[in-house]
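Notes follow the structure.
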Amino acid sequence: MTEKDRNIAIHASPVVEGVRFQIGSATAFAVRKENKDVALRIRREYHPARDAMERVPFLRGIVRFVSGTADFLDGVSESGQLMPQQIVKGRRGEQRFAELFRLRPTSLVAAGSAIVVLILLGGLVISGPWALARWVLPAFELSRPAINAVACLFRLLAILLCAAVLPRLRVISRLGMYRGAINKVLNTPADSGGRISREKAERSSCLSRRSDAAFVVTVLMLSVIAFAMIRTFTLPVQLLVRVLVVLAIAAVLGEALRPLEAAKPGKWVDALLAFQLWLERRMVLQPNAQMVEVAVYAYNAARENDR
């Protein structure tokens with residue numbers, strides 16, 4: 001198996017203070033515990049339907065879009081059972097506030113990050129453009145297509161702002177760092193036994209040309225443009241049409257990106273992937289050596305337990 005084929009066949013995502021690697025029939029969860037040890041859990045599972053769909057053109061783009069979100073949620077749930085370390089000690093004021101409500105500083109900061117996420121996504125991406133199109137833009141006597149275009153542009157800029165700001169939040173930034181650790185592992189050639197060494201992984205790049213996170217964001221942005229162009233009159237039909245539009249865009253975009261992500265870096269390839277690479281740089285952060293160690297540990301365990 002070549003390095004290109006190896007990376008496409010691997011499903012990996014960051015979790016709470018660790019990573020999730022799925023290779024074949026083995027899924028490994030590795031997290032850093034409070035005592036600095038690495039906790040590991042191996043789960044045996046088979047996905048014949050998904051494996052079959054990932055070989056079908058256009059259908060594999062839909063699988064990539066849906067499974068990326070599902071794998072992340074599964075990893076967060078499973079890793080929480082391994083008792084990961086408290087990633088935020090908190091400032092003095094945060095510690096006192098957390099003690100007042102009998103909370104951990106990490107839980108307090110996570111709650112604050114969740115509020116910021118809701119404000120940015122709910123206010124800028126959803127409510128803001130809707131209010132703009134409903135009450136502000138009609139005052140300028142613009143046509144309906146013009147109003148839709150302005151609201152669509154506002155929503156696209158809001159999505160880009162969220163993609164640049166949210167990964168810098170204290171809790172979410174840890175996920176970006178573990179995403180960087182995953183990329184370092186995937187960018188490292190395996191030895192003759194198929195294992196990855198931590199020393200080599202630390203010297204590899206933390207960026208990847210094949211970014212599931214950037215793929216999801218791009219699908220959502222293209223979907224916003226399509227929503228502005230398609231008008232329906234009943235809510236059930238609108239929901240159905242929008243779901244189908246998102247899946248169709250994921251299918252087409254997946255096929256368009258697949259050969260570019262697998263191609264060797266070059267002038268034209270890099271130009272066509274420029275937006276994806278820009279998103280990748282916004283959402284991936286440089287990991288520390290301990291994070292790389294966790295990712296290497298999970299990768300090697302998943303590969304050794306794959307049957």
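Residues in the structure tokens are named by chain (A, B, ... in the order shown) and by number from 1 within that chain; ligands are numbered from 1 in the order shown.
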Hey, which bits of segment 227-248 of chain A sit within 12 Å of segment 202-223 of chain A, and for each residue what's the closest pair of atoms and how far apart in Å (one decimal), counting only C-alpha atoms, rows by chain and increasing number, as a Markdown table?
| residue | atom | partner | partner_atom | distance |
| --- | --- | --- | --- | --- |
| A:Phe227 | CA | A:Ser223 | CA | 6.0 |
| A:Ala228 | CA | A:Ser223 | CA | 8.7 |
| A:Met229 | CA | A:Ser223 | CA | 9.9 |
| A:Ile230 | CA | A:Ser223 | CA | 10.4 |
| A:Val241 | CA | A:Ser223 | CA | 11.0 |
| A:Arg242 | CA | A:Ser223 | CA | 8.0 |
| A:Val243 | CA | A:Ser223 | CA | 9.4 |
| A:Leu244 | CA | A:Ser223 | CA | 10.1 |
| A:Val245 | CA | A:Ser223 | CA | 6.8 |
| A:Val246 | CA | A:Ser223 | CA | 5.7 |
| A:Leu247 | CA | A:Val219 | CA | 8.8 |
| A:Ala248 | CA | A:Ser223 | CA | 9.4 |
Just the selected residues (N, CA and C atoms), exported as an mmCIF file, in the first residue's frame, please.
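Wrote it out as part09.cif, contents follow:
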data_model
loop_
_atom_site.group_PDB
_atom_site.id
_atom_site.type_symbol
_atom_site.label_atom_id
_atom_site.label_comp_id
_atom_site.auth_asym_id
_atom_site.auth_seq_id
_atom_site.Cartn_x
_atom_site.Cartn_y
_atom_site.Cartn_z
ATOM 1 N N PHE A 227 -28.223 27.750 -1.718
ATOM 2 C CA PHE A 227 -29.478 28.086 -1.038
ATOM 3 C C PHE A 227 -30.008 29.443 -1.480
ATOM 4 N N ALA A 228 -29.096 30.385 -1.730
ATOM 5 C CA ALA A 228 -29.516 31.718 -2.149
ATOM 6 C C ALA A 228 -30.105 31.716 -3.558
ATOM 7 N N MET A 229 -29.786 30.709 -4.337
ATOM 8 C CA MET A 229 -30.257 30.642 -5.721
ATOM 9 C C MET A 229 -31.515 29.797 -5.874
ATOM 10 N N ILE A 230 -31.802 28.962 -4.880
ATOM 11 C CA ILE A 230 -32.961 28.072 -4.965
ATOM 12 C C ILE A 230 -34.002 28.536 -3.963
ATOM 13 N N VAL A 241 -35.020 19.911 0.034
ATOM 14 C CA VAL A 241 -34.184 20.411 -1.059
ATOM 15 C C VAL A 241 -32.795 20.779 -0.551
ATOM 16 N N ARG A 242 -32.729 21.379 0.621
ATOM 17 C CA ARG A 242 -31.426 21.808 1.147
ATOM 18 C C ARG A 242 -30.562 20.615 1.530
ATOM 19 N N VAL A 243 -31.163 19.592 2.094
ATOM 20 C CA VAL A 243 -30.395 18.385 2.413
ATOM 21 C C VAL A 243 -29.845 17.760 1.137
ATOM 22 N N LEU A 244 -30.677 17.668 0.109
ATOM 23 C CA LEU A 244 -30.233 17.089 -1.156
ATOM 24 C C LEU A 244 -29.145 17.932 -1.812
ATOM 25 N N VAL A 245 -29.258 19.254 -1.691
ATOM 26 C CA VAL A 245 -28.246 20.140 -2.258
ATOM 27 C C VAL A 245 -26.899 19.940 -1.558
ATOM 28 N N VAL A 246 -26.909 19.848 -0.224
ATOM 29 C CA VAL A 246 -25.668 19.642 0.517
ATOM 30 C C VAL A 246 -25.013 18.325 0.113
ATOM 31 N N LEU A 247 -25.802 17.265 0.024
ATOM 32 C CA LEU A 247 -25.250 15.958 -0.355
ATOM 33 C C LEU A 247 -24.714 15.977 -1.781
ATOM 34 N N ALA A 248 -25.416 16.660 -2.676
ATOM 35 C CA ALA A 248 -24.959 16.733 -4.071
ATOM 36 C C ALA A 248 -23.642 17.499 -4.172
#
Note to self: Neighbouring residues of Ala149 of chain A were defined as those with any atom within 10 Å, considering only C-alpha atoms; residues of the same chain fewer than 5 positions away were excluded. Please report them as a list of chain:residue names.
What the structure shows: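 That gives A:Ala133, A:Ser143, A:Arg144, A:Phe154, A:Arg155, A:Ile225, A:Ala228, A:Met229.
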Quick one: write out the picked residues with N, CA and C atoms as a PDB file, in the first residue's frame?
ATOM      1  N   ALA A 133     -31.552  40.553   5.634  1.00  0.00           N
ATOM      2  CA  ALA A 133     -32.426  40.404   4.472  1.00  0.00           C
ATOM      3  C   ALA A 133     -33.877  40.755   4.785  1.00  0.00           C
ATOM      4  N   SER A 143     -33.843  44.621  -5.259  1.00  0.00           N
ATOM      5  CA  SER A 143     -34.620  43.493  -5.757  1.00  0.00           C
ATOM      6  C   SER A 143     -34.352  42.267  -4.894  1.00  0.00           C
ATOM      7  N   ARG A 144     -35.246  41.281  -4.998  1.00  0.00           N
ATOM      8  CA  ARG A 144     -35.073  40.063  -4.206  1.00  0.00           C
ATOM      9  C   ARG A 144     -33.762  39.352  -4.527  1.00  0.00           C
ATOM     10  N   PHE A 154     -22.707  38.053   3.102  1.00  0.00           N
ATOM     11  CA  PHE A 154     -22.521  38.259   4.535  1.00  0.00           C
ATOM     12  C   PHE A 154     -22.350  36.923   5.251  1.00  0.00           C
ATOM     13  N   ARG A 155     -23.143  35.926   4.863  1.00  0.00           N
ATOM     14  CA  ARG A 155     -23.060  34.616   5.514  1.00  0.00           C
ATOM     15  C   ARG A 155     -21.731  33.923   5.192  1.00  0.00           C
ATOM     16  N   ILE A 225     -24.289  29.342  -1.051  1.00  0.00           N
ATOM     17  CA  ILE A 225     -24.491  29.980  -2.352  1.00  0.00           C
ATOM     18  C   ILE A 225     -25.666  29.330  -3.081  1.00  0.00           C
ATOM     19  N   ALA A 228     -29.096  30.385  -1.730  1.00  0.00           N
ATOM     20  CA  ALA A 228     -29.516  31.718  -2.149  1.00  0.00           C
ATOM     21  C   ALA A 228     -30.105  31.716  -3.558  1.00  0.00           C
ATOM     22  N   MET A 229     -29.786  30.709  -4.337  1.00  0.00           N
ATOM     23  CA  MET A 229     -30.257  30.642  -5.721  1.00  0.00           C
ATOM     24  C   MET A 229     -31.515  29.797  -5.874  1.00  0.00           C
TER      25      MET A 229
END
Contacts of segment 197-200 of chain A at 9 Å or less, counting only C-alpha atoms, minus same-chain residues fewer than 3 places along, as a PDB file with C-alpha atoms, in the first residue's frame?
ATOM      1  CA  LYS A 184       2.384  14.624  11.299  1.00  0.00           C
ATOM      2  CA  VAL A 185       1.748  10.898  11.657  1.00  0.00           C
ATOM      3  CA  THR A 188       5.510  10.209   8.069  1.00  0.00           C
ATOM      4  CA  PRO A 189       6.540   7.177   5.974  1.00  0.00           C
ATOM      5  CA  ALA A 190       6.036   3.906   7.827  1.00  0.00           C
ATOM      6  CA  ASP A 191       8.948   1.524   8.336  1.00  0.00           C
ATOM      7  CA  ARG A 203      10.000  16.252  12.008  1.00  0.00           C
ATOM      8  CA  SER A 204       7.046  15.928   9.583  1.00  0.00           C
ATOM      9  CA  ALA A 289       5.937  16.520  21.435  1.00  0.00           C
ATOM     10  CA  VAL A 292       2.675  13.683  18.679  1.00  0.00           C
ATOM     11  CA  GLU A 293       3.487  10.807  21.025  1.00  0.00           C
ATOM     12  CA  ALA A 295      -0.991  10.213  17.914  1.00  0.00           C
ATOM     13  CA  VAL A 296       1.873   7.794  17.159  1.00  0.00           C
ATOM     14  CA  TYR A 297       0.725   5.522  19.973  1.00  0.00           C
ATOM     15  CA  ASN A 300       0.587   1.968  15.815  1.00  0.00           C
TER      16      ASN A 300
END
>> DSSP on the backbone: which residues in segment 23-224 of chain A end up as helix (DSSP H, G or I)? Give the answer as a VMD selection string.
In response: chain A and resid 48 to 53 59 to 80 92 to 100 105 to 140 144 to 168 170 to 186 198 to 202 212 to 224
Could you please take those selected residues and save C-alpha atoms as a compact mmCIF listing (two decimals), in the first residue's frame?
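result-v4.txt was written with the following content:
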# COMPACT_ATOMS: atom_id res chain seq x y z
CA PRO A 48 -18.69 -3.10 5.14
CA ALA A 49 -21.35 -0.68 3.86
CA ARG A 50 -19.14 2.38 4.28
CA ASP A 51 -16.11 0.58 2.84
CA ALA A 52 -18.16 -0.33 -0.22
CA MET A 53 -19.56 3.19 -0.66
CA LEU A 59 -21.04 8.44 -3.26
CA ARG A 60 -17.68 8.51 -1.47
CA GLY A 61 -17.85 12.31 -1.23
CA ILE A 62 -21.13 12.05 0.68
CA VAL A 63 -19.61 9.40 2.96
CA ARG A 64 -16.63 11.66 3.63
CA PHE A 65 -18.90 14.55 4.58
CA VAL A 66 -21.17 12.52 6.89
CA SER A 67 -18.62 10.17 8.45
CA GLY A 68 -16.23 12.99 9.34
CA THR A 69 -18.78 14.51 11.70
CA ALA A 70 -19.93 11.13 13.03
CA ASP A 71 -16.36 9.98 13.75
CA PHE A 72 -15.58 13.19 15.64
CA LEU A 73 -18.66 12.90 17.87
CA ASP A 74 -17.93 9.22 18.49
CA GLY A 75 -14.34 10.03 19.43
CA VAL A 76 -15.32 12.79 21.85
CA SER A 77 -17.79 10.47 23.60
CA GLU A 78 -15.39 7.52 23.80
CA SER A 79 -12.36 9.54 24.89
CA GLY A 80 -14.28 11.10 27.76
CA ARG A 92 -7.07 32.78 39.53
CA GLY A 93 -10.44 34.41 38.90
CA GLU A 94 -11.63 31.45 36.83
CA GLN A 95 -10.54 29.02 39.54
CA ARG A 96 -12.46 30.89 42.21
CA PHE A 97 -15.54 31.15 40.02
CA ALA A 98 -15.33 27.42 39.24
CA GLU A 99 -15.00 26.57 42.94
CA LEU A 100 -18.08 28.67 43.69
CA PRO A 105 -11.74 25.15 35.40
CA THR A 106 -11.74 23.11 32.20
CA SER A 107 -15.51 22.72 32.33
CA LEU A 108 -15.90 26.46 32.93
CA VAL A 109 -13.67 27.42 30.00
CA ALA A 110 -15.39 24.81 27.80
CA ALA A 111 -18.76 26.32 28.66
CA GLY A 112 -17.45 29.77 27.78
CA SER A 113 -16.13 28.48 24.47
CA ALA A 114 -19.50 26.89 23.74
CA ILE A 115 -21.20 30.23 24.34
CA VAL A 116 -18.79 31.97 21.95
CA VAL A 117 -19.44 29.28 19.32
CA LEU A 118 -23.20 29.71 19.65
CA ILE A 119 -22.92 33.48 19.39
CA LEU A 120 -20.72 33.35 16.30
CA LEU A 121 -22.62 30.59 14.51
CA GLY A 122 -26.10 31.62 15.63
CA GLY A 123 -25.60 35.36 15.44
CA LEU A 124 -23.29 35.88 12.47
CA VAL A 125 -24.00 32.86 10.28
CA ILE A 126 -27.73 32.34 10.86
CA SER A 127 -29.55 35.22 12.56
CA GLY A 128 -27.46 38.11 11.22
CA PRO A 129 -27.98 37.47 7.48
CA TRP A 130 -31.65 36.66 8.08
CA ALA A 131 -32.25 39.95 9.92
CA LEU A 132 -30.26 41.81 7.27
CA ALA A 133 -32.43 40.40 4.47
CA ARG A 134 -35.66 40.84 6.42
CA TRP A 135 -35.42 44.37 7.80
CA VAL A 136 -32.30 46.25 6.63
CA LEU A 137 -31.85 45.59 2.92
CA PRO A 138 -35.52 46.11 1.89
CA ALA A 139 -35.18 49.73 3.05
CA PHE A 140 -32.80 50.31 0.12
CA ARG A 144 -35.07 40.06 -4.21
CA PRO A 145 -32.06 38.57 -6.08
CA ALA A 146 -29.89 41.47 -4.89
CA ILE A 147 -31.04 41.01 -1.29
CA ASN A 148 -30.26 37.29 -1.49
CA ALA A 149 -26.83 38.01 -2.94
CA VAL A 150 -25.90 40.48 -0.18
CA ALA A 151 -27.17 38.17 2.57
CA CYS A 152 -25.30 35.26 0.98
CA LEU A 153 -22.06 37.27 0.88
CA PHE A 154 -22.52 38.26 4.53
CA ARG A 155 -23.06 34.62 5.51
CA LEU A 156 -19.96 33.47 3.58
CA LEU A 157 -17.80 36.06 5.29
CA ALA A 158 -19.24 34.99 8.65
CA ILE A 159 -18.32 31.36 7.96
CA LEU A 160 -14.75 32.37 7.06
CA LEU A 161 -14.54 34.45 10.23
CA CYS A 162 -15.71 31.49 12.34
CA ALA A 163 -13.19 29.19 10.63
CA ALA A 164 -10.39 31.63 11.51
CA VAL A 165 -11.47 32.57 15.06
CA LEU A 166 -12.99 29.44 16.61
CA PRO A 167 -9.82 27.26 16.35
CA ARG A 168 -8.01 29.87 18.47
CA ARG A 170 -8.44 27.82 24.39
CA VAL A 171 -10.35 24.54 24.41
CA ILE A 172 -10.91 24.24 20.66
CA SER A 173 -7.26 25.08 19.95
CA ARG A 174 -6.28 21.82 21.64
CA LEU A 175 -8.29 19.95 19.02
CA GLY A 176 -6.45 21.89 16.32
CA MET A 177 -3.12 20.90 17.85
CA TYR A 178 -4.09 17.23 17.98
CA ARG A 179 -5.23 17.55 14.35
CA GLY A 180 -1.70 18.73 13.63
CA ALA A 181 -0.32 15.68 15.45
CA ILE A 182 -2.51 13.43 13.28
CA ASN A 183 -1.20 15.10 10.14
CA LYS A 184 2.38 14.62 11.30
CA VAL A 185 1.75 10.90 11.66
CA LEU A 186 0.05 10.65 8.26
CA ARG A 198 7.80 9.44 17.17
CA GLU A 199 11.17 10.93 16.22
CA LYS A 200 10.32 10.90 12.50
CA ALA A 201 6.77 12.11 13.11
CA GLU A 202 7.98 15.15 15.04
CA ASP A 212 -11.70 16.66 6.08
CA ALA A 213 -12.36 19.80 8.14
CA ALA A 214 -11.60 22.08 5.18
CA PHE A 215 -13.74 19.83 2.99
CA VAL A 216 -16.74 20.20 5.32
CA VAL A 217 -16.36 24.00 5.50
CA THR A 218 -16.11 24.25 1.71
CA VAL A 219 -19.25 22.14 1.27
CA LEU A 220 -21.13 24.41 3.67
CA MET A 221 -19.98 27.56 1.89
CA LEU A 222 -20.99 26.25 -1.54
CA SER A 223 -24.30 25.15 -0.05
CA VAL A 224 -24.95 28.69 1.20
Tell me which of A:Ala12, A:Glu280, A:Leu82, A:His47 sits closest to Tyr299 of chain A, counting only C-alpha atoms.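 Using only C-alpha atoms, the shortest distance to Tyr299 of chain A belongs to A:Ala12.
Atom CA of Gln22 of chain A is found 20.1 Å from atom CA of Val56 of chain A.
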From atom CA of Ala302 of chain A to atom CA of Phe21 of chain A the spacing works out at 6.5 Å
* **Picked from segment 16-224 of chain A by DSSP as strand (DSSP E or B), as JSON, numbers by chain** => {"A": [18, 19, 20, 21, 22, 23, 26, 27, 28, 29, 30, 31, 32, 33, 38, 39, 40, 41, 42, 43, 44, 84]}
If we count only C-alpha atoms and set the cut-off at 8 Å, which residues sit around Ala30 of chain A, ignoring sequence neighbours fewer than 2 positions away in its own chain? Please answer as number ranges by chain. A: 18-20, 28, 32, 38-41, 79, 294-295, 297-298
